[in-house]
Amino acid sequence: MKIQNFIKSKKGIAAICVLLVLVLVIGIIYSQSNRTEEVTYRETKVQYGNLTVGITEDGTVDIGTVEQVFELDMSALQRTDTSSDSTSSSIEDTMRGIVLPGGGMTNSGGGGNNMFSQIFSMAGGTDYTTTGDDSSLEIAEVAVSVGQQVEAGDVLYYLEEESVAGLEEELQSNVEKARADLDVVYADQVLSKQTAEITYKSNAAYGSYAQTEYHTSIQNQQNTITEKQEALDKARVSLNRYEEQLAQAATDYEEALVVLKNSEWSRDNTGKWNDTYSYVSYFQLAQNAQSNADTLETKKEQLEKNVEQAVQNVETCENELNAAKRTLESLKLSARQTYDLRVLAYDTAQENYDITLAYLEDEAAEQEKVYAETLEKWDEYSSHISDNAVLSKYSGVITSVDLAAGDSIATNSTLITLYDMEEVSMTVTVDESDMDDIALGTKANISFTAYPEDIFEASVTEIADAATDSYGNVTVDVTITMQGDVSGLFQGMTGEITFITRESKDVLYVSNRAVTREGTKSYVKVMDANGNITKQEITTGFSDGVNTEVVEGLKEGDVVLIESRVSE
């Protein structure tokens, strides 16, 4: 009875509790003494990369949209050929005043000596203009729908064949025509270069002996003057001689007349019968005097003619000499002009040749440009239309299809709208106190639960003005634009953004769980070739909270162990 009362009393209850506690403690001690602990190891590798820390916020993906517009200008694709000499005309204008081999100059009148005009007329090109036809294409069938994933090059619409065939044939014809025109320009260019080279060599050759040519021309005319002077001197000598002979003949004739007159007087005053002997003598003397006088008169008349002719000869020689002297002065002027032109041609031969070749190259380049434009138009056409179908230029998910069968596609028609994977962004609200480390261009890393092994890169592209919420908190909306391959993301996907405030690039790192520290030293556990686990000292650096930089002691790809303990 006493025992029952004791148990029911407060002291009894307390004693029982103490006893139960003792029993429990003894049981725990007994259990611990009989418990075993198992150690396990998991391998991890030393990696090479970047370690970062920063401000982390959650956000959702926002993918922009892009419209595919039918940019093919079908009117511009259709060209007509018109001959044009604008290029050669501008060349002729530039080439005016260039010295030609014959000593002349190029001119704008198309004269026979305008060699450069001939050169560039052979290189005339073709202008290509548009017809201005406002063409359109008719849709036969729509090949895509909203929500469909398309890749660049996929068919969007099939076209009515009739609306495509004519344009395609014209584009192909333009390419062939432009290629043929270009071949002609190339062929003409070869001939034109040869002509230009001949001109260059001619100018160089003429220039090289311009001085000799000048002196030769002057000397030849000087020789002519010398000849004319000698002829004049001879004519004057002959005149003097004839004049002297004439004077002597006149004197002799006058004396003969006196003798004749005296003989006739003696004859006439002597009796023919009284003094027959004397009369006969005077008669004979008079006859001889008459004969001598006649002879001298004839000689005097001939000498008078000779003098007259000699005077004409002197006058002629004087005129010829004066003409030769005038010719010399004129020749000096023209020869100097020719000499100057030769020297100019010689001095500018290389420059003119280079100019010629440059314009020929420009002409070829112009035609090459025309050919390239026709190819570009064909390529542009082919990039939009293939096998009577309009192709997608982008990859992504279609958000709207803007045309239907029977509609016409014209230039600038909107074809489809789809997500623009070039504009993938995320906008998060950041506390103002964290904005000291965030600015335009700040790098950020994004992780998504759907891609646990991947880190997506981005940078800050927009920072909104600060705003105050209803609780008085000041926040800022920050937008980041993602970079690299974002094809696996979709609208509204949630991700964790880390704005990088500190980063160690291109370092070795290992999981924090593999590193143990004893005092100031750090260790990792490794397994040797015999399977024994040993500690290896390493030097550590920066840590991002998950991984630790390894400065010394390990290399990339080394296997270290993460230790775990399991109790039983």
# chains A, B, ... in the order shown; residues from 1 in each chain; ligands from 1
>>> closest_atom_pairs(of="stretch 53-77 of chain A", to="stretch 411-415 of chain A", cutoff="6 Å", atoms="only C-alpha atoms", output="tab-separated table")
residue	atom	partner	partner_atom	distance
A:Gln68	CA	A:Leu415	CA	5.6
A:Val69	CA	A:Thr414	CA	4.4
A:Phe70	CA	A:Asn412	CA	5.0
A:Glu71	CA	A:Asn412	CA	5.3
A:Leu72	CA	A:Thr411	CA	5.8
A:Asp73	CA	A:Thr411	CA	5.5
>>> residues_around(residues="A:Glu549", least_positions_apart="6", cutoff="12 Å", atoms="only C-alpha atoms", output="list in words")
Val46, Gln47, Tyr48, Gly49, Asn50, Leu51, Thr52, Glu503, Ser504, Lys505, Asp506, Val507, Leu508, Tyr509, Val510, Ser511, Asn512, Ala514, Val515, Ser522, Ile538, Thr539, Thr540, Gly541, Phe542, Ser543, Lys555 and Glu556 of chain A
>>> residues_around(residues="A:Asp58", least_positions_apart="6", cutoff="9 Å", atoms="only C-alpha atoms", output="list in words")
Val428, Thr429, Thr494, Gly495, Glu496, Ile497 and Thr498 of chain A
>>> atom_distance(atom1="atom CA of A:Cys317", atom2="atom CA of A:Lys234")
9.4 Å
>>> atom_distance(atom1="atom CA of A:Ala389", atom2="atom CA of A:Gln491")
29.7 Å
>>> residues_around(residues="A:Glu329", least_positions_apart="4", cutoff="12 Å", atoms="only C-alpha atoms", output="PyMOL selection string")
chain A and resi 217-218+221-222+225+322-325+333-336
>>> residues_around(residues="A:Thr481", least_positions_apart="4", cutoff="6 Å", atoms="only C-alpha atoms", output="PyMOL selection string")
chain A and resi 424-425+458-459
>>> write_last_selection(atoms="N, CA and C atoms", output="PDB file, in the first residue's frame")
ATOM      1  N   VAL A 424      16.610  37.404 -78.257  1.00  0.00           N
ATOM      2  CA  VAL A 424      16.147  36.687 -77.070  1.00  0.00           C
ATOM      3  C   VAL A 424      16.649  37.449 -75.848  1.00  0.00           C
ATOM      4  N   SER A 425      15.738  37.912 -75.023  1.00  0.00           N
ATOM      5  CA  SER A 425      16.114  38.740 -73.882  1.00  0.00           C
ATOM      6  C   SER A 425      15.365  38.293 -72.631  1.00  0.00           C
ATOM      7  N   ALA A 458      25.065  36.276 -71.734  1.00  0.00           N
ATOM      8  CA  ALA A 458      24.270  37.448 -72.114  1.00  0.00           C
ATOM      9  C   ALA A 458      25.004  38.694 -71.645  1.00  0.00           C
ATOM     10  N   SER A 459      24.477  39.837 -72.014  1.00  0.00           N
ATOM     11  CA  SER A 459      25.012  41.107 -71.540  1.00  0.00           C
ATOM     12  C   SER A 459      23.870  42.092 -71.376  1.00  0.00           C
TER      13      SER A 459
END
>>> closest_residue(among="A:Val546, A:Val146, A:Val185, A:Val155", to="A:Leu360", atoms="only C-alpha atoms")
A:Val185
>>> residues_around(residues="A:Asp469", least_positions_apart="5", cutoff="12 Å", atoms="only C-alpha atoms", output="PyMOL selection string")
chain A and resi 429+431-432+474-476
>>> residues_around(residues="A:Thr374", least_positions_apart="4", cutoff="8 Å", atoms="only C-alpha atoms", output="mmCIF file with C-alpha atoms, in the first residue's frame")
data_model
loop_
_atom_site.group_PDB
_atom_site.id
_atom_site.type_symbol
_atom_site.label_atom_id
_atom_site.label_comp_id
_atom_site.auth_asym_id
_atom_site.auth_seq_id
_atom_site.Cartn_x
_atom_site.Cartn_y
_atom_site.Cartn_z
ATOM 1 C CA LEU A 171 16.649 36.479 -115.503
ATOM 2 C CA ASN A 174 20.019 38.504 -118.715
ATOM 3 C CA VAL A 175 22.822 36.543 -117.081
ATOM 4 C CA ALA A 178 25.747 40.066 -119.622
ATOM 5 C CA VAL A 370 26.771 44.647 -114.805
ATOM 6 C CA TRP A 378 19.469 35.665 -110.227
#
